[in-house]
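Colleague: Sharing upload-v7.cif below, mmCIF, C-alpha atoms:
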```
data_model
loop_
_atom_site.label_atom_id
_atom_site.label_comp_id
_atom_site.auth_asym_id
_atom_site.auth_seq_id
_atom_site.Cartn_x
_atom_site.Cartn_y
_atom_site.Cartn_z
CA MET A 1 15.96 15.54 -20.12
CA LYS A 2 18.96 13.42 -21.03
CA HIS A 3 17.90 10.64 -18.70
CA ARG A 4 14.64 9.03 -17.65
CA VAL A 5 13.13 10.34 -14.40
CA TYR A 6 11.25 7.87 -12.21
CA LEU A 7 8.38 9.47 -10.27
CA ASP A 8 6.21 6.42 -9.59
CA SER A 9 7.57 4.96 -6.34
CA ALA A 10 4.06 4.38 -4.99
CA GLY A 11 3.72 1.90 -7.86
CA THR A 12 6.98 0.12 -7.12
CA THR A 13 10.51 0.95 -6.06
CA SER A 14 13.98 0.10 -7.29
CA LEU A 15 15.62 -2.91 -5.67
CA ASP A 16 18.06 -2.02 -2.90
CA PRO A 17 21.58 -3.23 -3.88
CA ASP A 18 22.14 -4.78 -0.43
CA VAL A 19 18.88 -6.70 -0.69
CA LEU A 20 19.76 -7.90 -4.18
CA LYS A 21 23.22 -9.04 -3.06
CA THR A 22 21.80 -11.03 -0.14
CA TYR A 23 19.02 -12.50 -2.28
CA THR A 24 21.41 -13.62 -5.02
CA SER A 25 23.70 -15.24 -2.47
CA LEU A 26 20.79 -17.12 -0.91
CA LEU A 27 19.54 -18.36 -4.27
CA GLU A 28 22.95 -19.83 -5.02
CA SER A 29 23.62 -21.43 -1.65
CA HIS A 30 20.24 -22.23 -0.06
CA PHE A 31 17.95 -23.71 -2.69
CA ALA A 32 16.64 -26.69 -0.70
CA ASN A 33 12.95 -27.03 0.15
CA SER A 34 12.44 -25.63 3.64
CA GLU A 35 10.12 -28.54 4.49
CA SER A 36 12.72 -31.20 3.68
CA LEU A 37 14.04 -33.24 6.61
CA TYR A 38 17.66 -33.45 5.52
CA ASP A 39 20.23 -30.97 6.82
CA GLU A 40 20.09 -28.55 3.92
CA GLY A 41 16.30 -28.24 4.13
CA SER A 42 16.43 -27.84 7.89
CA GLU A 43 18.97 -25.03 7.49
CA VAL A 44 16.69 -23.16 5.07
CA HIS A 45 13.80 -23.62 7.50
CA ARG A 46 15.93 -22.29 10.36
CA MET A 47 16.93 -19.23 8.35
CA MET A 48 13.32 -18.53 7.39
CA GLU A 49 12.27 -18.68 11.03
CA LYS A 50 15.14 -16.37 11.97
CA ALA A 51 13.90 -13.88 9.37
CA ARG A 52 10.33 -14.27 10.63
CA SER A 53 11.47 -13.49 14.18
CA ALA A 54 13.48 -10.50 12.97
CA ALA A 55 10.51 -9.05 11.08
CA ALA A 56 8.29 -9.65 14.11
CA GLY A 57 10.75 -7.84 16.36
CA LEU A 58 10.84 -4.84 14.03
CA LEU A 59 7.04 -4.63 14.10
CA GLY A 60 6.58 -5.41 17.79
CA VAL A 61 4.63 -8.65 17.33
CA SER A 62 5.30 -12.34 17.92
CA ALA A 63 7.03 -14.51 15.33
CA ASP A 64 3.98 -16.77 14.97
CA GLU A 65 1.97 -13.69 13.98
CA ILE A 66 3.97 -13.16 10.77
CA ILE A 67 2.69 -14.95 7.65
CA PHE A 68 4.87 -14.69 4.55
CA THR A 69 2.87 -13.91 1.40
CA SER A 70 3.46 -12.89 -2.21
CA GLY A 71 2.64 -9.28 -1.34
CA SER A 72 -0.15 -7.06 -0.12
CA CYS A 73 -2.77 -8.16 -2.66
CA GLU A 74 -2.58 -11.68 -1.28
CA ALA A 75 -2.30 -10.44 2.30
CA ASN A 76 -5.40 -8.26 1.88
CA SER A 77 -7.35 -11.15 0.38
CA MET A 78 -6.24 -13.48 3.17
CA ALA A 79 -7.24 -10.99 5.84
CA ILE A 80 -10.72 -10.35 4.47
CA LYS A 81 -11.75 -13.68 3.05
CA GLY A 82 -9.90 -15.79 5.60
CA VAL A 83 -11.47 -14.07 8.60
CA CYS A 84 -14.96 -13.91 7.10
CA LEU A 85 -14.95 -17.58 6.10
CA ALA A 86 -13.74 -18.56 9.57
CA ASP A 87 -16.81 -16.99 11.21
CA MET A 88 -19.85 -16.91 8.94
CA SER A 89 -22.23 -16.23 11.82
CA ARG A 90 -21.51 -12.50 11.38
CA LYS A 91 -21.93 -11.15 7.87
CA HIS A 92 -21.21 -7.44 8.03
CA ILE A 93 -18.00 -5.75 6.81
CA ILE A 94 -17.03 -2.08 7.13
CA THR A 95 -14.55 -0.59 4.69
CA THR A 96 -13.99 2.46 2.50
CA PRO A 97 -14.51 3.11 -1.23
CA ILE A 98 -10.90 4.36 -1.55
CA GLU A 99 -9.19 1.08 -0.63
CA HIS A 100 -6.83 -0.72 -2.97
CA SER A 101 -8.66 -2.89 -5.50
CA SER A 102 -7.51 -6.05 -3.68
CA VAL A 103 -9.57 -4.98 -0.66
CA LEU A 104 -12.53 -3.70 -2.67
CA ASN A 105 -12.80 -6.83 -4.79
CA ALA A 106 -12.38 -9.19 -1.83
CA CYS A 107 -15.23 -7.45 -0.02
CA ARG A 108 -17.42 -7.49 -3.12
CA GLN A 109 -16.71 -11.19 -3.58
CA MET A 110 -17.85 -11.93 -0.02
CA GLU A 111 -20.98 -9.90 -0.75
CA ARG A 112 -21.69 -11.58 -4.07
CA LEU A 113 -20.96 -15.19 -3.15
CA PHE A 114 -21.78 -15.39 0.54
CA GLY A 115 -24.33 -12.68 1.21
CA TYR A 116 -22.17 -10.37 3.30
CA GLU A 117 -23.37 -6.80 3.74
CA ILE A 118 -20.79 -4.06 3.12
CA THR A 119 -20.93 -0.62 4.72
CA TRP A 120 -18.91 1.86 2.68
CA LEU A 121 -17.69 4.68 4.88
CA PRO A 122 -18.04 8.25 3.61
CA VAL A 123 -14.86 9.90 2.34
CA TYR A 124 -14.23 13.58 2.90
CA GLU A 125 -12.63 16.16 0.63
CA ASP A 126 -9.23 15.62 2.24
CA GLY A 127 -9.35 12.00 1.07
CA SER A 128 -9.70 10.42 4.50
CA VAL A 129 -12.45 8.82 6.55
CA ARG A 130 -13.58 9.79 10.05
CA ALA A 131 -13.37 7.63 13.17
CA GLU A 132 -16.86 8.66 14.27
CA ASP A 133 -18.28 7.23 11.04
CA VAL A 134 -16.68 3.89 11.88
CA ARG A 135 -18.32 4.04 15.31
CA ALA A 136 -21.72 4.79 13.74
CA ALA A 137 -21.36 1.89 11.29
CA LEU A 138 -20.48 -0.80 13.85
CA ARG A 139 -23.12 -3.47 14.46
CA PRO A 140 -23.33 -6.63 16.58
CA ASP A 141 -22.84 -8.69 13.40
CA THR A 142 -19.78 -6.74 12.17
CA VAL A 143 -17.01 -9.28 11.68
CA LEU A 144 -14.34 -7.06 10.11
CA VAL A 145 -13.36 -3.42 9.67
CA SER A 146 -10.77 -2.80 6.93
CA VAL A 147 -9.29 0.69 6.54
CA MET A 148 -6.01 1.54 4.79
CA TYR A 149 -3.40 3.65 6.57
CA VAL A 150 -2.24 5.77 3.61
CA ASN A 151 -4.11 6.08 0.34
CA ASN A 152 -2.04 5.02 -2.64
CA GLU A 153 -3.43 7.66 -5.03
CA THR A 154 -3.57 10.82 -2.92
CA GLY A 155 -1.34 10.11 0.08
CA ALA A 156 -4.22 10.89 2.46
CA ILE A 157 -3.60 9.47 5.94
CA ASN A 158 -6.49 7.92 7.83
CA PRO A 159 -6.89 8.30 11.64
CA ILE A 160 -5.91 4.70 12.30
CA GLU A 161 -5.14 5.14 16.00
CA GLU A 162 -8.64 6.47 16.67
CA ILE A 163 -10.29 3.85 14.49
CA ARG A 164 -8.50 0.88 16.01
CA SER A 165 -9.32 2.13 19.51
CA ILE A 166 -13.02 2.40 18.67
CA VAL A 167 -13.16 -1.02 17.04
CA ARG A 168 -11.36 -2.63 19.99
CA ARG A 169 -13.42 -0.93 22.74
CA GLU A 170 -16.84 -0.84 21.15
CA SER A 171 -17.22 -4.02 19.11
CA HIS A 172 -16.24 -7.64 18.67
CA ALA A 173 -15.08 -7.00 15.10
CA TYR A 174 -11.52 -7.58 13.92
CA PHE A 175 -9.59 -4.64 12.50
CA HIS A 176 -7.49 -4.99 9.33
CA CYS A 177 -5.20 -2.23 8.10
CA ASP A 178 -3.53 -2.16 4.69
CA MET A 179 -0.16 -0.59 5.57
CA THR A 180 1.36 -0.97 2.12
CA GLN A 181 1.96 2.74 1.51
CA ALA A 182 2.75 3.53 5.15
CA ALA A 183 5.49 1.05 6.06
CA GLY A 184 8.92 2.66 6.05
CA LYS A 185 7.41 6.11 5.49
CA ILE A 186 5.60 7.04 8.70
CA PRO A 187 5.83 5.62 12.25
CA LEU A 188 3.66 2.53 12.73
CA SER A 189 2.26 0.72 15.73
CA LEU A 190 0.42 -2.58 15.51
CA LYS A 191 -1.13 -2.20 18.95
CA ASP A 192 -4.84 -3.09 18.75
CA ILE A 193 -4.51 -3.87 15.03
CA ASP A 194 -5.57 -7.47 14.41
CA LEU A 195 -4.36 -7.83 10.83
CA ALA A 196 -1.96 -5.77 8.72
CA SER A 197 -0.60 -6.05 5.16
CA ILE A 198 2.89 -4.99 4.03
CA SER A 199 4.58 -5.45 0.64
CA ALA A 200 8.34 -5.57 0.06
CA HIS A 201 8.45 -3.96 -3.37
CA LYS A 202 7.11 -0.66 -2.02
CA ILE A 203 10.19 -0.32 0.22
CA HIS A 204 12.96 -1.27 -2.22
CA GLY A 205 12.48 -5.01 -1.80
CA LEU A 206 11.53 -7.89 -4.04
CA LYS A 207 8.32 -8.10 -6.03
CA GLY A 208 6.26 -11.14 -5.05
CA SER A 209 7.21 -10.76 -1.38
CA GLY A 210 5.26 -9.50 1.61
CA ILE A 211 3.63 -10.37 4.89
CA LEU A 212 0.31 -10.51 6.63
CA VAL A 213 0.48 -9.79 10.34
CA LYS A 214 -2.26 -11.89 11.97
CA LYS A 215 -2.56 -11.78 15.72
CA ARG A 216 -2.74 -15.20 17.40
CA TYR A 217 -6.36 -14.90 18.50
CA VAL A 218 -7.72 -14.05 15.02
CA PRO A 219 -9.46 -17.06 13.39
CA MET A 220 -8.61 -17.65 9.74
CA GLU A 221 -9.60 -20.09 7.03
CA PRO A 222 -6.76 -20.76 4.57
CA LEU A 223 -7.32 -19.65 0.99
CA ILE A 224 -4.56 -21.85 -0.43
CA SER A 225 -4.85 -25.46 0.64
CA GLY A 226 -1.66 -27.45 0.84
CA GLY A 227 0.70 -28.63 3.54
CA GLU A 228 1.42 -27.10 6.90
CA GLN A 229 3.45 -24.19 5.59
CA GLU A 230 2.84 -20.83 7.29
CA PHE A 231 1.07 -22.41 10.26
CA GLY A 232 -1.26 -24.27 7.91
CA LEU A 233 -2.68 -21.01 6.55
CA ARG A 234 -0.85 -20.79 3.22
CA GLY A 235 0.00 -24.01 1.45
CA GLY A 236 2.80 -24.31 -1.09
CA THR A 237 6.57 -24.54 -1.16
CA ALA A 238 8.00 -21.43 0.45
CA ASN A 239 9.69 -18.75 -1.63
CA ALA A 240 12.43 -19.12 0.93
CA ALA A 241 15.06 -16.69 -0.35
CA ALA A 242 12.48 -13.91 -0.78
CA ASP A 243 11.04 -14.59 2.66
CA MET A 244 14.50 -14.54 4.22
CA VAL A 245 15.39 -11.11 2.80
CA PHE A 246 12.06 -9.54 3.74
CA ALA A 247 13.32 -8.83 7.26
CA LYS A 248 16.40 -7.07 5.85
CA THR A 249 14.22 -5.05 3.49
CA LEU A 250 12.00 -3.95 6.36
CA ARG A 251 14.93 -3.14 8.63
CA LEU A 252 16.59 -0.95 6.00
CA ALA A 253 13.33 0.88 5.33
CA LEU A 254 12.78 1.59 9.02
CA GLU A 255 16.37 2.75 9.48
CA ARG A 256 15.94 5.22 6.63
CA GLN A 257 12.44 6.33 7.57
CA GLU A 258 13.38 9.70 9.09
CA ALA A 259 15.74 10.54 6.24
CA PHE A 260 13.04 9.52 3.76
CA ALA A 261 10.53 11.81 5.46
CA ARG A 262 12.89 14.80 5.41
CA HIS A 263 13.95 14.31 1.81
CA THR A 264 10.49 13.72 0.37
CA GLN A 265 9.07 16.66 2.35
CA GLN A 266 11.62 18.97 0.73
CA LEU A 267 10.82 17.62 -2.73
CA HIS A 268 7.09 17.79 -1.98
CA ASN A 269 7.29 21.46 -1.01
CA ARG A 270 9.23 22.27 -4.17
CA LEU A 271 6.84 20.30 -6.37
CA VAL A 272 3.67 21.78 -4.89
CA ALA A 273 5.07 25.31 -5.05
CA GLY A 274 5.93 24.78 -8.70
CA LEU A 275 2.54 23.31 -9.60
CA LYS A 276 0.75 26.22 -7.92
CA THR A 277 2.39 28.59 -10.40
CA ILE A 278 0.66 26.83 -13.31
CA GLU A 279 -2.79 28.20 -14.08
CA GLY A 280 -5.49 25.53 -14.05
CA ILE A 281 -3.66 22.98 -11.90
CA GLU A 282 -5.83 21.53 -9.12
CA LEU A 283 -4.14 19.77 -6.22
CA ASN A 284 -5.98 16.66 -5.05
CA SER A 285 -3.65 15.54 -2.25
CA PRO A 286 -4.32 16.94 1.23
CA GLU A 287 -1.80 19.27 2.85
CA ASN A 288 -1.40 16.88 5.80
CA GLY A 289 -1.00 13.75 3.68
CA LEU A 290 2.08 11.66 2.99
CA PRO A 291 4.64 14.06 1.42
CA ALA A 292 5.88 11.34 -0.94
CA VAL A 293 2.60 11.38 -2.93
CA VAL A 294 1.30 14.40 -4.85
CA ASN A 295 -1.87 14.05 -6.92
CA PHE A 296 -3.06 16.84 -9.20
CA SER A 297 -5.42 17.43 -12.12
CA TYR A 298 -5.42 19.66 -15.17
CA GLU A 299 -8.90 19.39 -16.58
CA LYS A 300 -8.02 20.34 -20.15
CA ILE A 301 -5.75 17.31 -20.60
CA PRO A 302 -6.98 13.75 -19.83
CA SER A 303 -4.74 11.55 -17.68
CA GLU A 304 -3.72 9.22 -20.48
CA VAL A 305 -2.74 12.07 -22.78
CA MET A 306 -0.63 13.74 -20.11
CA GLN A 307 0.96 10.44 -19.09
CA ASN A 308 1.94 9.65 -22.67
CA GLU A 309 3.36 13.11 -23.31
CA LEU A 310 5.30 13.11 -20.03
CA ASN A 311 6.61 9.66 -20.90
CA ARG A 312 7.78 10.99 -24.25
CA ARG A 313 9.59 13.76 -22.40
CA GLY A 314 11.31 11.25 -20.11
CA PHE A 315 9.11 11.21 -17.00
CA MET A 316 7.65 8.00 -15.59
CA ILE A 317 4.45 8.80 -13.68
CA SER A 318 1.00 7.27 -13.21
CA ALA A 319 -2.56 8.49 -12.96
CA ARG A 320 -3.81 6.14 -10.27
CA SER A 321 -2.94 2.84 -8.64
CA THR A 322 -0.71 0.78 -10.95
CA CYS A 323 -3.17 -2.10 -10.57
CA GLU A 324 -5.75 0.16 -12.24
CA ALA A 325 -3.36 1.72 -14.76
CA HIS A 326 -4.96 0.13 -17.84
CA SER A 327 -8.47 1.20 -16.89
CA ASP A 328 -10.08 4.05 -18.84
CA ASN A 329 -12.38 4.84 -15.91
CA PRO A 330 -11.95 8.00 -13.85
CA SER A 331 -10.15 7.62 -10.53
CA TYR A 332 -12.63 6.02 -8.13
CA VAL A 333 -10.66 7.55 -5.26
CA LEU A 334 -11.19 11.12 -6.48
CA LEU A 335 -14.84 10.40 -7.25
CA ALA A 336 -15.32 9.16 -3.68
CA MET A 337 -13.75 12.43 -2.46
CA GLY A 338 -16.54 14.29 -4.24
CA TYR A 339 -14.58 15.58 -7.22
CA SER A 340 -16.10 15.80 -10.69
CA THR A 341 -15.79 13.03 -13.25
CA ARG A 342 -13.70 15.36 -15.42
CA ARG A 343 -11.28 16.15 -12.60
CA ALA A 344 -11.04 12.45 -11.75
CA SER A 345 -10.34 11.67 -15.42
CA CYS A 346 -7.46 14.14 -15.59
CA SER A 347 -5.53 13.18 -12.47
CA ILE A 348 -1.78 12.57 -12.28
CA ARG A 349 0.06 10.91 -9.38
CA VAL A 350 3.66 11.83 -8.64
CA SER A 351 5.31 9.64 -6.00
CA LEU A 352 8.75 10.35 -4.64
CA SER A 353 11.71 8.46 -3.22
CA MET A 354 15.15 9.11 -1.76
CA GLU A 355 16.54 8.75 -5.27
CA ASN A 356 14.77 11.82 -6.66
CA THR A 357 16.45 15.22 -6.82
CA GLU A 358 15.37 18.86 -6.80
CA GLU A 359 16.62 19.18 -10.38
CA GLU A 360 14.25 16.41 -11.46
CA ILE A 361 11.34 18.11 -9.72
CA ASP A 362 12.12 21.43 -11.43
CA ALA A 363 12.35 19.72 -14.81
CA PHE A 364 9.04 17.95 -14.22
CA VAL A 365 7.25 21.17 -13.28
CA GLN A 366 8.66 22.84 -16.39
CA ALA A 367 7.43 19.96 -18.55
CA VAL A 368 3.92 20.20 -17.11
CA LYS A 369 3.92 23.96 -17.63
CA GLU A 370 4.95 23.58 -21.27
CA MET A 371 2.22 20.98 -21.81
CA THR A 372 -0.50 23.17 -20.35
CA GLU A 373 0.65 26.04 -22.58
CA GLN A 374 0.80 23.81 -25.67
CA TYR A 375 -2.30 21.66 -25.25
CA GLY A 376 -4.41 23.55 -22.72
#
```
So that I can check it, write out the structure of this file as structure tokens.
Modeller:
Amino acid sequence: MKHRVYLDSAGTTSLDPDVLKTYTSLLESHFANSESLYDEGSEVHRMMEKARSAAAGLLGVSADEIIFTSGSCEANSMAIKGVCLADMSRKHIITTPIEHSSVLNACRQMERLFGYEITWLPVYEDGSVRAEDVRAALRPDTVLVSVMYVNNETGAINPIEEIRSIVRRESHAYFHCDMTQAAGKIPLSLKDIDLASISAHKIHGLKGSGILVKKRYVPMEPLISGGEQEFGLRGGTANAAADMVFAKTLRLALERQEAFARHTQQLHNRLVAGLKTIEGIELNSPENGLPAVVNFSYEKIPSEVMQNELNRRGFMISARSTCEAHSDNPSYVLLAMGYSTRRASCSIRVSLSMENTEEEIDAFVQAVKEMTEQYG
């Protein structure tokens, strides 16, 4: 390949030129502190609230239910720790072992420091959980259920509509959904979802920018003490320009959602068909998962070796969540799905975007084929 091929859009995406242009303009012209009382500060505050209302409208919630954050890791931590600390009379959490590390570690911290009990839902071979298992796990002392919409390693889609309905009808627990890999890729509804996390840099926005949707009735203890920013739930001077362009980032992603789905489905079909021609390749992503994510294993070549060789050949891919990229451990997601340690240690994640082409997919498949012939 004469150029580098980026196949890691589940890790992060390129910055949309329109978003960058708006952001740069705002940095130059609207640098005042949004909490200042003089005219310039008031104008920044007004523009932030306009962006908050716009994001709320796109998601079908109220403006006071949008909390600007630094991204989904913070939003996930806020949702779990903030809700649990606001009501410590109930100390039971339900989640899955395939969540992003920000969810897993927040739950484990509540368990370790405050004596919360965690129920880990079973994960099936298709990489998803079942709504009936959520029902069976609910207890009178369940304070929170946290289940991701789309898994970041395999693209498996969880039955969120069924789960949220069960939690709402059959318990007093709050339901949190990590929508990081779903926003802008599949249709979303926040009906009966109490808390939801979205990150801008997964949809061609800025790193260090995101939101937590928190419905009005959900109690929350702030994790960052400070002033009255973000309804008193997140202290600190606002990253105003980033917050202001979040709404534009989300709008563009939603406008392109259908085109994204069509394009990535075509690339997905081509990629999977190509991988199936290579002896020894095992597909780990479910057939009904998000087309933009394809996870596979070749058990004769460890993940790190294949990553390094593909990098040398010009392909940027990952083996698991980027937040776990430097870990030598097998994929905990594939282990939870019941796959062997060897298979989980040899996984590769390809994640697609509108910017990828069929020629790039063909070249990638050819590179993998050559590697299996050379090293396998």
Colleague: Please compute the CA of Val213 (chain A)-CA of Ala137 (chain A) distance, one decimal, in Å.
Modeller: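 Computed distance, CA of Val213 (chain A) to CA of Ala137 (chain A), equals 24.8 Å.
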Colleague: Under the rule that all atoms listed in the file are counted, which of A:Arg112, A:Lys185, A:Arg343, A:His172 is the nearest residue to Leu252 (chain A)?
Modeller: A:Lys185
Colleague: Considering all atoms listed in the file, can you say which of A:Ala10, A:Val147, A:Ile157, A:Met179 comes closest to Leu104 (chain A)?
Modeller: A:Val147
Colleague: Determine the residue membership of the PyMOL selection byres ((chain A and resi 167) around 12) for the file above and supply it as JSON, numbers by chain.
Modeller: {"A": [94, 131, 132, 133, 134, 135, 136, 137, 138, 139, 140, 142, 143, 144, 145, 146, 147, 160, 161, 162, 163, 164, 165, 166, 168, 169, 170, 171, 172, 173, 174, 175, 176, 192, 193, 194]}
Colleague: May I have the residues within 10 Å of Tyr124 (chain A) as a PDB file with C-alpha atoms, keeping the file's coordinate frame, using only C-alpha atoms and disregarding those fewer than 6 positions away in the same chain?
Modeller:
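Output saved as part.pdb:
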```
ATOM      1  CA  ARG A 130     -13.580   9.790  10.050  1.00  0.00           C
ATOM      2  CA  ALA A 336     -15.320   9.160  -3.680  1.00  0.00           C
ATOM      3  CA  MET A 337     -13.750  12.430  -2.460  1.00  0.00           C
ATOM      4  CA  GLY A 338     -16.540  14.290  -4.240  1.00  0.00           C
TER       5      GLY A 338
END
```
Colleague: Mind checking which residues fall within 12 Å of Val83 (chain A), counting only C-alpha atoms, ignoring those fewer than 3 positions away in the same chain, and posting them as number ranges by chain?
Modeller: A: 75-80, 86-93, 106-107, 110, 142-146, 173-176, 194-195, 214-215, 217-223, 233
Colleague: Let me see the file: selected residues, C-alpha atoms, as a short mmCIF file (atom, residue, chain, number, x, y, z; two decimals), keeping the file's coordinate frame.
Modeller:
```cif
data_model
loop_
_atom_site.label_atom_id
_atom_site.label_comp_id
_atom_site.auth_asym_id
_atom_site.auth_seq_id
_atom_site.Cartn_x
_atom_site.Cartn_y
_atom_site.Cartn_z
CA ALA A 75 -2.30 -10.44 2.30
CA ASN A 76 -5.40 -8.26 1.88
CA SER A 77 -7.35 -11.15 0.38
CA MET A 78 -6.24 -13.48 3.17
CA ALA A 79 -7.24 -10.99 5.84
CA ILE A 80 -10.72 -10.35 4.47
CA ALA A 86 -13.74 -18.56 9.57
CA ASP A 87 -16.81 -16.99 11.21
CA MET A 88 -19.85 -16.91 8.94
CA SER A 89 -22.23 -16.23 11.82
CA ARG A 90 -21.51 -12.50 11.38
CA LYS A 91 -21.93 -11.15 7.87
CA HIS A 92 -21.21 -7.44 8.03
CA ILE A 93 -18.00 -5.75 6.81
CA ALA A 106 -12.38 -9.19 -1.83
CA CYS A 107 -15.23 -7.45 -0.02
CA MET A 110 -17.85 -11.93 -0.02
CA THR A 142 -19.78 -6.74 12.17
CA VAL A 143 -17.01 -9.28 11.68
CA LEU A 144 -14.34 -7.06 10.11
CA VAL A 145 -13.36 -3.42 9.67
CA SER A 146 -10.77 -2.80 6.93
CA ALA A 173 -15.08 -7.00 15.10
CA TYR A 174 -11.52 -7.58 13.92
CA PHE A 175 -9.59 -4.64 12.50
CA HIS A 176 -7.49 -4.99 9.33
CA ASP A 194 -5.57 -7.47 14.41
CA LEU A 195 -4.36 -7.83 10.83
CA LYS A 214 -2.26 -11.89 11.97
CA LYS A 215 -2.56 -11.78 15.72
CA TYR A 217 -6.36 -14.90 18.50
CA VAL A 218 -7.72 -14.05 15.02
CA PRO A 219 -9.46 -17.06 13.39
CA MET A 220 -8.61 -17.65 9.74
CA GLU A 221 -9.60 -20.09 7.03
CA PRO A 222 -6.76 -20.76 4.57
CA LEU A 223 -7.32 -19.65 0.99
CA LEU A 233 -2.68 -21.01 6.55
#
```
Colleague: Expand the PyMOL selection byres ((chain A and resi 230) around 10) into the explicit residue set it covers here, and present it as a PyMOL selection string.
Modeller: chain A and resi 64-69+222+227-229+231-238
Colleague: Just give me the gap between CA of Leu283 (chain A) and CA of Ser347 (chain A) in Å, one decimal is fine.
Modeller: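 That distance, rounded to one decimal, is 9.2 Å.
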Colleague: Select, from A:Lys369, A:Lys191, A:Lys202, A:His100, the residue with the minimum atom-to-atom distance to Val61 (chain A), counting only C-alpha atoms.
Modeller: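 Of A:Lys369, A:Lys191, A:Lys202, A:His100, the one nearest Val61 (chain A), counting only C-alpha atoms, is A:Lys191.
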Colleague: From the structure just shown, export region 190-195 of chain A with all heavy atoms as an mmCIF file, in the first residue's frame.
Modeller:
```cif
data_model
loop_
_atom_site.group_PDB
_atom_site.id
_atom_site.type_symbol
_atom_site.label_atom_id
_atom_site.label_comp_id
_atom_site.auth_asym_id
_atom_site.auth_seq_id
_atom_site.Cartn_x
_atom_site.Cartn_y
_atom_site.Cartn_z
ATOM 1 N N LEU A 190 -34.378 7.397 23.533
ATOM 2 C CA LEU A 190 -34.068 7.485 24.957
ATOM 3 C C LEU A 190 -35.303 7.321 25.833
ATOM 4 O O LEU A 190 -35.253 7.599 27.024
ATOM 5 C CB LEU A 190 -33.355 8.796 25.274
ATOM 6 C CG LEU A 190 -31.845 8.732 25.027
ATOM 7 C CD1 LEU A 190 -31.515 8.934 23.568
ATOM 8 C CD2 LEU A 190 -31.082 9.719 25.875
ATOM 9 N N LYS A 191 -36.386 6.864 25.238
ATOM 10 C CA LYS A 191 -37.599 6.586 26.009
ATOM 11 C C LYS A 191 -37.305 5.489 27.038
ATOM 12 O O LYS A 191 -36.753 4.443 26.698
ATOM 13 C CB LYS A 191 -38.725 6.143 25.085
ATOM 14 C CG LYS A 191 -40.060 5.889 25.795
ATOM 15 C CD LYS A 191 -41.127 5.490 24.786
ATOM 16 C CE LYS A 191 -42.472 5.295 25.463
ATOM 17 N NZ LYS A 191 -42.478 4.144 26.388
ATOM 18 N N ASP A 192 -37.666 5.749 28.278
ATOM 19 C CA ASP A 192 -37.477 4.804 29.386
ATOM 20 C C ASP A 192 -36.012 4.482 29.664
ATOM 21 O O ASP A 192 -35.700 3.498 30.346
ATOM 22 C CB ASP A 192 -38.243 3.494 29.150
ATOM 23 C CG ASP A 192 -39.751 3.690 29.189
ATOM 24 O OD1 ASP A 192 -40.191 4.690 29.777
ATOM 25 O OD2 ASP A 192 -40.481 2.861 28.627
ATOM 26 N N ILE A 193 -35.099 5.274 29.132
ATOM 27 C CA ILE A 193 -33.685 5.171 29.503
ATOM 28 C C ILE A 193 -33.376 6.351 30.416
ATOM 29 O O ILE A 193 -33.592 7.505 30.058
ATOM 30 C CB ILE A 193 -32.783 5.175 28.262
ATOM 31 C CG1 ILE A 193 -32.978 3.871 27.481
ATOM 32 C CG2 ILE A 193 -31.311 5.342 28.650
ATOM 33 C CD1 ILE A 193 -32.159 3.765 26.213
ATOM 34 N N ASP A 194 -32.903 6.052 31.618
ATOM 35 C CA ASP A 194 -32.715 7.093 32.637
ATOM 36 C C ASP A 194 -31.408 7.841 32.464
ATOM 37 O O ASP A 194 -31.331 9.041 32.754
ATOM 38 C CB ASP A 194 -32.774 6.456 34.026
ATOM 39 C CG ASP A 194 -34.063 5.688 34.259
ATOM 40 O OD1 ASP A 194 -35.139 6.282 34.069
ATOM 41 O OD2 ASP A 194 -33.994 4.495 34.592
ATOM 42 N N LEU A 195 -30.382 7.142 32.008
ATOM 43 C CA LEU A 195 -29.062 7.741 31.827
ATOM 44 C C LEU A 195 -28.424 7.156 30.571
ATOM 45 O O LEU A 195 -28.546 5.957 30.314
ATOM 46 C CB LEU A 195 -28.161 7.464 33.033
ATOM 47 C CG LEU A 195 -28.681 7.886 34.402
ATOM 48 C CD1 LEU A 195 -28.797 6.662 35.303
ATOM 49 C CD2 LEU A 195 -27.759 8.916 35.043
#
```
